[in-house]
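Student: Please find upload_12.cif (mmCIF, C-alpha atoms) on the next line:
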data_run
loop_
_atom_site.label_atom_id
_atom_site.label_comp_id
_atom_site.auth_asym_id
_atom_site.auth_seq_id
_atom_site.Cartn_x
_atom_site.Cartn_y
_atom_site.Cartn_z
CA MET T 230 -94.26 -9.64 -59.34
CA SER T 231 -91.37 -12.04 -58.76
CA GLU T 232 -89.82 -9.51 -56.40
CA GLN T 233 -92.92 -9.53 -54.18
CA ILE T 234 -93.19 -13.33 -54.31
CA ASP T 235 -89.55 -13.60 -53.24
CA ARG T 236 -90.21 -11.11 -50.46
CA LEU T 237 -93.13 -13.19 -49.20
CA LEU T 238 -91.11 -16.41 -49.32
CA ASN T 239 -88.29 -14.73 -47.38
CA ILE T 240 -90.73 -13.46 -44.75
CA MET T 241 -92.06 -16.99 -44.31
CA ALA T 242 -88.55 -18.41 -44.05
CA ARG T 243 -87.69 -15.87 -41.35
CA LEU T 244 -90.86 -16.57 -39.39
CA ARG T 245 -90.05 -20.29 -39.43
CA ASP T 246 -86.36 -19.85 -38.58
CA PRO T 247 -85.63 -22.07 -35.53
CA GLU T 248 -83.25 -19.52 -34.03
CA ARG T 249 -84.66 -16.11 -35.01
CA GLY T 250 -88.25 -16.91 -35.99
CA CYS T 251 -91.62 -16.37 -34.37
CA GLU T 252 -92.41 -18.82 -31.59
CA TRP T 253 -95.96 -19.33 -32.80
CA ASP T 254 -95.04 -19.88 -36.45
CA THR T 255 -92.21 -22.29 -35.67
CA ALA T 256 -94.52 -24.37 -33.47
CA GLN T 257 -97.03 -25.03 -36.25
CA ASP T 258 -97.38 -28.08 -38.50
CA PHE T 259 -99.65 -29.04 -41.40
CA SER T 260 -102.52 -30.18 -39.17
CA THR T 261 -102.54 -27.04 -37.03
CA ILE T 262 -102.39 -24.71 -40.02
CA ALA T 263 -105.06 -26.53 -42.08
CA PRO T 264 -108.03 -24.98 -40.21
CA TYR T 265 -106.64 -21.49 -40.90
CA THR T 266 -106.30 -22.36 -44.58
CA ILE T 267 -109.94 -23.41 -44.75
CA GLU T 268 -111.02 -20.30 -42.84
CA GLU T 269 -109.13 -18.02 -45.23
CA ALA T 270 -110.75 -19.68 -48.24
CA TYR T 271 -114.19 -18.98 -46.76
CA GLU T 272 -113.22 -15.38 -46.09
CA VAL T 273 -112.26 -15.02 -49.75
CA ALA T 274 -115.71 -16.33 -50.70
CA ASP T 275 -117.34 -13.93 -48.25
CA ALA T 276 -115.53 -10.92 -49.73
CA ILE T 277 -116.64 -11.98 -53.21
CA GLU T 278 -120.24 -12.35 -52.06
CA ARG T 279 -120.12 -8.83 -50.61
CA SER T 280 -118.46 -7.47 -53.79
CA ASP T 281 -115.80 -5.88 -51.58
CA MET T 282 -112.76 -5.68 -53.84
CA ASP T 283 -110.51 -4.03 -51.24
CA ASP T 284 -111.30 -6.78 -48.77
CA LEU T 285 -110.93 -9.43 -51.48
CA ARG T 286 -107.40 -8.25 -52.22
CA GLY T 287 -106.48 -8.64 -48.56
CA GLU T 288 -108.19 -12.01 -48.19
CA LEU T 289 -106.47 -13.37 -51.29
CA GLY T 290 -103.18 -12.31 -49.71
CA ASP T 291 -104.10 -14.15 -46.52
CA LEU T 292 -104.92 -17.27 -48.56
CA LEU T 293 -101.66 -16.99 -50.50
CA PHE T 294 -99.81 -16.76 -47.21
CA GLN T 295 -101.38 -20.09 -46.21
CA VAL T 296 -100.05 -21.68 -49.41
CA VAL T 297 -96.61 -20.28 -48.69
CA PHE T 298 -96.80 -21.54 -45.09
CA HIS T 299 -97.57 -25.12 -46.17
CA ALA T 300 -94.93 -25.02 -48.91
CA ARG T 301 -92.30 -23.79 -46.44
CA MET T 302 -93.04 -26.62 -43.99
CA ALA T 303 -92.81 -29.13 -46.84
CA GLU T 304 -89.50 -27.62 -47.93
CA GLU T 305 -88.12 -27.94 -44.39
CA ALA T 306 -89.10 -31.61 -44.42
CA GLY T 307 -87.37 -32.12 -47.78
CA ASN T 308 -90.60 -32.90 -49.65
CA PHE T 309 -91.17 -29.99 -52.04
CA ASP T 310 -91.06 -26.20 -52.12
CA PHE T 311 -93.15 -23.30 -53.43
CA THR T 312 -91.59 -23.55 -56.89
CA ASP T 313 -92.70 -27.18 -57.12
CA VAL T 314 -96.23 -26.16 -56.14
CA ALA T 315 -96.32 -23.48 -58.85
CA LYS T 316 -94.87 -25.87 -61.43
CA ASP T 317 -97.35 -28.64 -60.62
CA ILE T 318 -100.41 -26.42 -60.91
CA SER T 319 -99.07 -24.92 -64.16
CA ASP T 320 -98.52 -28.39 -65.60
CA LYS T 321 -101.98 -29.46 -64.47
CA MET T 322 -103.76 -26.46 -65.98
CA GLU T 323 -101.99 -26.88 -69.31
CA ALA T 324 -102.86 -30.60 -69.37
CA ARG T 325 -106.49 -29.87 -68.46
CA HIS T 326 -106.88 -27.35 -71.27
CA PRO T 327 -105.64 -29.13 -74.42
CA HIS T 328 -107.98 -26.92 -76.47
CA ILE T 329 -105.97 -23.90 -75.31
CA PHE T 330 -102.43 -25.18 -74.79
CA GLY T 331 -102.56 -28.23 -77.03
CA ASP T 332 -103.76 -29.04 -80.51
CA GLU T 333 -107.35 -30.14 -79.85
CA GLY T 334 -108.98 -26.78 -80.60
CA GLY T 335 -112.67 -26.12 -80.25
CA VAL T 336 -114.56 -25.77 -76.97
CA MET T 337 -113.89 -27.94 -73.93
CA GLU T 338 -116.94 -30.11 -73.24
CA GLU T 339 -117.72 -30.99 -69.61
CA SER T 340 -117.39 -34.70 -70.40
CA ARG T 341 -113.89 -34.14 -71.79
CA TRP T 342 -112.94 -32.14 -68.68
CA GLU T 343 -114.16 -34.96 -66.44
CA ASP T 344 -112.31 -37.56 -68.52
CA ILE T 345 -109.06 -35.63 -68.08
CA LYS T 346 -109.58 -35.40 -64.31
CA ALA T 347 -110.45 -39.11 -64.16
CA ALA T 348 -107.19 -39.92 -65.98
CA GLU T 349 -105.31 -37.80 -63.43
CA ARG T 350 -106.89 -39.70 -60.54
CA LYS T 351 -106.09 -43.04 -62.16
CA SER T 352 -102.46 -42.06 -62.71
CA SER T 353 -102.18 -41.09 -59.05
CA GLY T 354 -103.32 -44.56 -57.95
CA ALA T 355 -107.07 -44.08 -57.56
CA THR T 356 -109.04 -47.29 -58.16
CA GLY T 357 -112.63 -46.40 -57.22
CA ALA T 358 -115.02 -43.86 -58.70
CA LEU T 359 -115.24 -41.97 -55.40
CA ASP T 360 -111.50 -41.82 -54.73
CA GLY T 361 -110.16 -38.31 -54.32
CA VAL T 362 -113.32 -36.62 -53.02
CA ALA T 363 -111.76 -34.81 -50.08
CA LYS T 364 -113.20 -35.73 -46.69
CA ALA T 365 -112.51 -32.21 -45.38
CA LEU T 366 -115.01 -30.62 -47.78
CA PRO T 367 -118.18 -29.12 -46.27
CA ALA T 368 -120.67 -31.98 -45.96
CA LEU T 369 -123.17 -30.47 -48.39
CA LEU T 370 -120.55 -29.90 -51.07
CA ARG T 371 -119.04 -33.36 -50.54
CA ALA T 372 -122.45 -35.01 -50.88
CA GLN T 373 -122.93 -33.27 -54.21
CA LYS T 374 -119.48 -34.32 -55.46
CA LEU T 375 -120.01 -37.94 -54.37
CA GLN T 376 -123.34 -38.03 -56.20
CA LYS T 377 -121.89 -36.51 -59.37
CA ARG T 378 -119.05 -39.05 -59.36
CA ALA T 379 -121.51 -41.92 -58.94
CA ALA T 380 -123.70 -40.48 -61.70
CA ARG T 381 -120.76 -40.52 -64.13
CA HIS T 382 -120.71 -44.29 -63.66
CA GLY T 383 -124.44 -44.66 -64.35
CA PHE T 384 -125.67 -44.71 -60.74
CA ASP T 385 -128.29 -41.97 -60.99
CA TRP T 386 -131.99 -41.42 -61.63
CA PRO T 387 -132.94 -40.46 -65.20
CA ASP T 388 -135.00 -37.45 -64.03
CA ALA T 389 -136.12 -35.57 -60.92
CA ASP T 390 -139.02 -37.94 -60.13
CA GLY T 391 -136.76 -40.51 -58.46
CA PRO T 392 -134.94 -38.15 -56.10
CA ARG T 393 -138.22 -36.32 -55.36
CA ALA T 394 -139.83 -39.58 -54.23
CA LYS T 395 -136.71 -40.41 -52.22
CA VAL T 396 -136.92 -37.08 -50.35
CA ILE T 397 -140.55 -37.85 -49.41
CA GLU T 398 -139.53 -41.33 -48.28
CA GLU T 399 -136.70 -39.94 -46.13
CA ILE T 400 -139.02 -37.33 -44.55
CA GLU T 401 -141.35 -40.12 -43.49
CA GLU T 402 -138.48 -42.21 -42.12
CA LEU T 403 -137.20 -39.21 -40.18
CA ARG T 404 -140.70 -38.66 -38.74
CA ASP T 405 -140.86 -42.30 -37.58
CA ALA T 406 -137.25 -42.60 -36.38
CA THR T 407 -136.38 -43.65 -32.85
CA ARG T 408 -134.00 -41.60 -30.72
CA GLU T 409 -131.19 -43.95 -31.77
CA GLU T 410 -132.06 -43.66 -35.47
CA ILE T 411 -132.81 -39.97 -35.80
CA GLU T 412 -129.30 -38.72 -36.60
CA GLU T 413 -128.80 -41.31 -39.33
CA GLU T 414 -132.24 -40.61 -40.81
CA ALA T 415 -131.57 -36.87 -40.72
CA GLY T 416 -128.38 -37.46 -42.68
CA ASP T 417 -130.22 -39.62 -45.21
CA PHE T 418 -132.80 -36.85 -45.67
CA LEU T 419 -130.15 -34.18 -46.24
CA PHE T 420 -128.28 -36.42 -48.69
CA ALA T 421 -131.52 -37.06 -50.60
CA ALA T 422 -132.30 -33.32 -50.63
CA VAL T 423 -128.91 -32.59 -52.21
CA ASN T 424 -129.64 -35.24 -54.84
CA LEU T 425 -133.00 -33.64 -55.68
CA VAL T 426 -131.46 -30.17 -55.97
CA ARG T 427 -128.71 -31.61 -58.20
CA ALA T 428 -131.38 -33.16 -60.45
CA TYR T 429 -132.63 -29.63 -61.14
CA GLY T 430 -129.12 -28.52 -62.09
CA VAL T 431 -128.71 -26.35 -58.98
CA ASP T 432 -125.52 -26.10 -56.91
CA ALA T 433 -126.64 -27.13 -53.43
CA GLU T 434 -123.86 -25.31 -51.58
CA GLY T 435 -124.51 -22.05 -53.41
CA ALA T 436 -128.28 -22.38 -53.03
CA LEU T 437 -128.06 -22.91 -49.28
CA ARG T 438 -125.58 -20.06 -48.90
CA ALA T 439 -128.05 -17.76 -50.65
CA ALA T 440 -130.90 -19.04 -48.48
CA ASN T 441 -128.82 -18.39 -45.35
CA ALA T 442 -128.16 -14.83 -46.50
CA LYS T 443 -131.86 -14.27 -47.24
CA PHE T 444 -132.94 -15.59 -43.85
CA GLU T 445 -130.35 -13.46 -42.05
CA ARG T 446 -131.44 -10.35 -43.96
CA ARG T 447 -135.12 -10.93 -43.24
CA PHE T 448 -134.53 -11.76 -39.58
CA ARG T 449 -132.56 -8.55 -39.06
CA GLU T 450 -135.36 -6.59 -40.73
CA MET T 451 -137.90 -8.23 -38.39
CA GLU T 452 -135.81 -7.21 -35.41
CA ALA T 453 -135.67 -3.65 -36.72
CA LEU T 454 -139.45 -3.52 -37.24
CA ALA T 455 -140.01 -4.88 -33.71
CA GLY T 456 -138.04 -1.99 -32.26
CA GLY T 457 -136.08 -4.01 -29.74
CA ASP T 458 -138.75 -6.29 -28.29
CA PHE T 459 -138.75 -9.04 -30.94
CA ALA T 460 -137.95 -11.83 -28.45
CA GLU T 461 -140.85 -10.78 -26.18
CA ARG T 462 -143.45 -11.20 -28.96
CA ASP T 463 -145.32 -14.48 -29.34
CA LEU T 464 -144.85 -16.66 -32.42
CA ALA T 465 -147.96 -15.30 -34.15
CA ALA T 466 -146.69 -11.72 -33.80
CA GLN T 467 -143.23 -12.75 -35.02
CA GLU T 468 -144.81 -14.49 -38.03
CA GLU T 469 -146.69 -11.30 -38.87
CA LEU T 470 -143.40 -9.41 -38.86
CA TRP T 471 -141.93 -12.08 -41.16
CA GLN T 472 -144.82 -11.68 -43.59
CA GLU T 473 -144.48 -7.89 -43.45
CA VAL T 474 -140.79 -8.15 -44.38
CA LYS T 475 -141.69 -10.38 -47.32
CA ARG T 476 -144.43 -7.96 -48.43
CA ARG T 477 -141.91 -5.08 -48.37
CA GLU T 478 -139.42 -7.11 -50.40
CA LYS T 479 -142.07 -7.88 -53.01
CA ALA T 480 -143.15 -4.26 -53.20
CA ALA T 481 -139.54 -3.11 -53.63
CA SER T 482 -138.82 -5.60 -56.41
#
Go ahead and express the file in the form of structure tokens.

Tutor:
Amino acid sequence: MSEQIDRLLNIMARLRDPERGCEWDTAQDFSTIAPYTIEEAYEVADAIERSDMDDLRGELGDLLFQVVFHARMAEEAGNFDFTDVAKDISDKMEARHPHIFGDEGGVMEESRWEDIKAAERKSSGATGALDGVAKALPALLRAQKLQKRAARHGFDWPDADGPRAKVIEEIEELRDATREEIEEEAGDFLFAAVNLVRAYGVDAEGALRAANAKFERRFREMEALAGGDFAERDLAAQEELWQEVKRREKAAS
């Protein structure tokens, strides 16, 4: 394993060599590479969702290459290198699992896990409950994380009735919004919807991803049933196709 890691690090060093490297690779910096890193992480998730292990192996390699790329740029700037990255994550995982690597024993409770992470944030200079929730996260996922952080400090409804009423309130405010207000009210509605889903113990990002996949599958099946003239059909005919797809799903289940 170490041989292949060394090989990868050497490839990255050669690509970034100012004299003999690749023009594209040498021109990059952290900000230009970051979008590729995010893209590769999503492609890993996509391969997992499709249960494609061959593709997953390749996508994990692409994601690892992104880590190596960032580490190499940091090394060139005299900040840290790949070994430091590996050491830091190893130290962190050992510290976060005292029941495995320490002497606590037993099973790690979620509250204990969150306490450990909170101590990490405090030691790194965080002062507020919401510090450290990355702004680059997908908006839905970030909303959920912000709400969970706030809930750990008592700012949360005791049950689903509160967030359910809030969703209804936000729907009405969105309906009555002016052109200048509509984007803000739409955001408030989406934030409230995430809060309601969270109250039911559901991961909002995962739930929406599954809903996207279901809609895409059903829409493609409608197109297939229409035989190439789906767009020419009126809404009532398209709705009938939608209902037929749902009937077939139910019959197959």

Student: Measure the distance from atom CA of T:Glu468 to atom CA of T:Leu437 in Å and round it to one decimal.

Tutor: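 Going from atom CA of T:Glu468 over to atom CA of T:Leu437 covers 21.9 Å.
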
Student: Measuring between all atoms listed in the file, which one of T:Asp385, T:Glu278, T:Glu269, T:Asp254 shows the shortest distance to T:Arg301?

Tutor: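 Under the stated criterion, the closest residue is T:Asp254.
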
Student: So how many Å separate atom CA of T:Val474 and atom CA of T:Ala439, to one decimal?

Tutor: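 So the two atoms, atom CA of T:Val474 and atom CA of T:Ala439, lie 17.1 Å apart.
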
Student: Quick one: residues within 8 Å of stretch 374-380 of chain T, all atoms listed in the file counted, chain neighbours fewer than 4 positions away excluded, as a list in words?

Tutor: Ala358, Leu359, Val362, Leu370, Phe384, Asp385 and Asn424 of chain T

Student: Identify, on the basis of only C-alpha atoms, every residue whose closest approach to T:Arg245 does not exceed 6 Å; exclude the query and any residue fewer than 2 positions from it along the same chain; express the result as a PyMOL selection string.

Tutor: chain T and resi 242-243+250+254-255

Student: Selection in question (the file shown): the PyMOL selection byres ((chain T and resi 398) around 12). Which residues does it include, as a list in words?

Tutor: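 Taken over the shown coordinates, the PyMOL selection byres ((chain T and resi 398) around 12) returns Gly391, Pro392, Arg393, Ala394, Lys395, Val396, Ile397, Glu399, Ile400, Glu401, Glu402, Leu403, Arg404, Asp405, Glu414, Ala415, Asp417, Phe418, Leu419, Ala421 and Ala422 of chain T.
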
Student: Between T:Ala436, T:Leu425, T:Val431, T:Ile240, which has the minimum distance to T:Pro387 (counting all atoms listed in the file)?

Tutor: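 Closest to T:Pro387 of all the choices is T:Leu425.
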
Student: Put the listed atoms of stretch 423-427 of chain T in a box along x, y and z with 6 Å added on every side and give me the centre and edge lengths in Å to one decimal, as AutoDock Vina command-line options.

Tutor:
--center_x -130.9 --center_y -32.7 --center_z -55.2 --size_x 16.3 --size_y 17.1 --size_z 18.0

Student: With a distance cut-off of 12 Å and all atoms listed in the file, select the neighbouring residues of T:Ile234, excluding the residue or stretch itself and same-chain residues fewer than 5 positions from it, and output the selection as a ChimeraX atom specification.

Tutor: /T:239-241,290,293-294,296-297,311-312,315

Student: Quote the spacing between atom CA of T:Gln233 and atom CA of T:Gly287 in Å to one decimal place.

Tutor: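 Computing the Euclidean distance for atom CA of T:Gln233 and atom CA of T:Gly287 yields 14.7 Å.
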
Student: From the list T:Ala368, T:Ala300, T:Cys251, T:Ala276, which residue is nearest T:Ala433 when using all atoms listed in the file?

Tutor: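 Selected residue with least distance to T:Ala433: T:Ala368.
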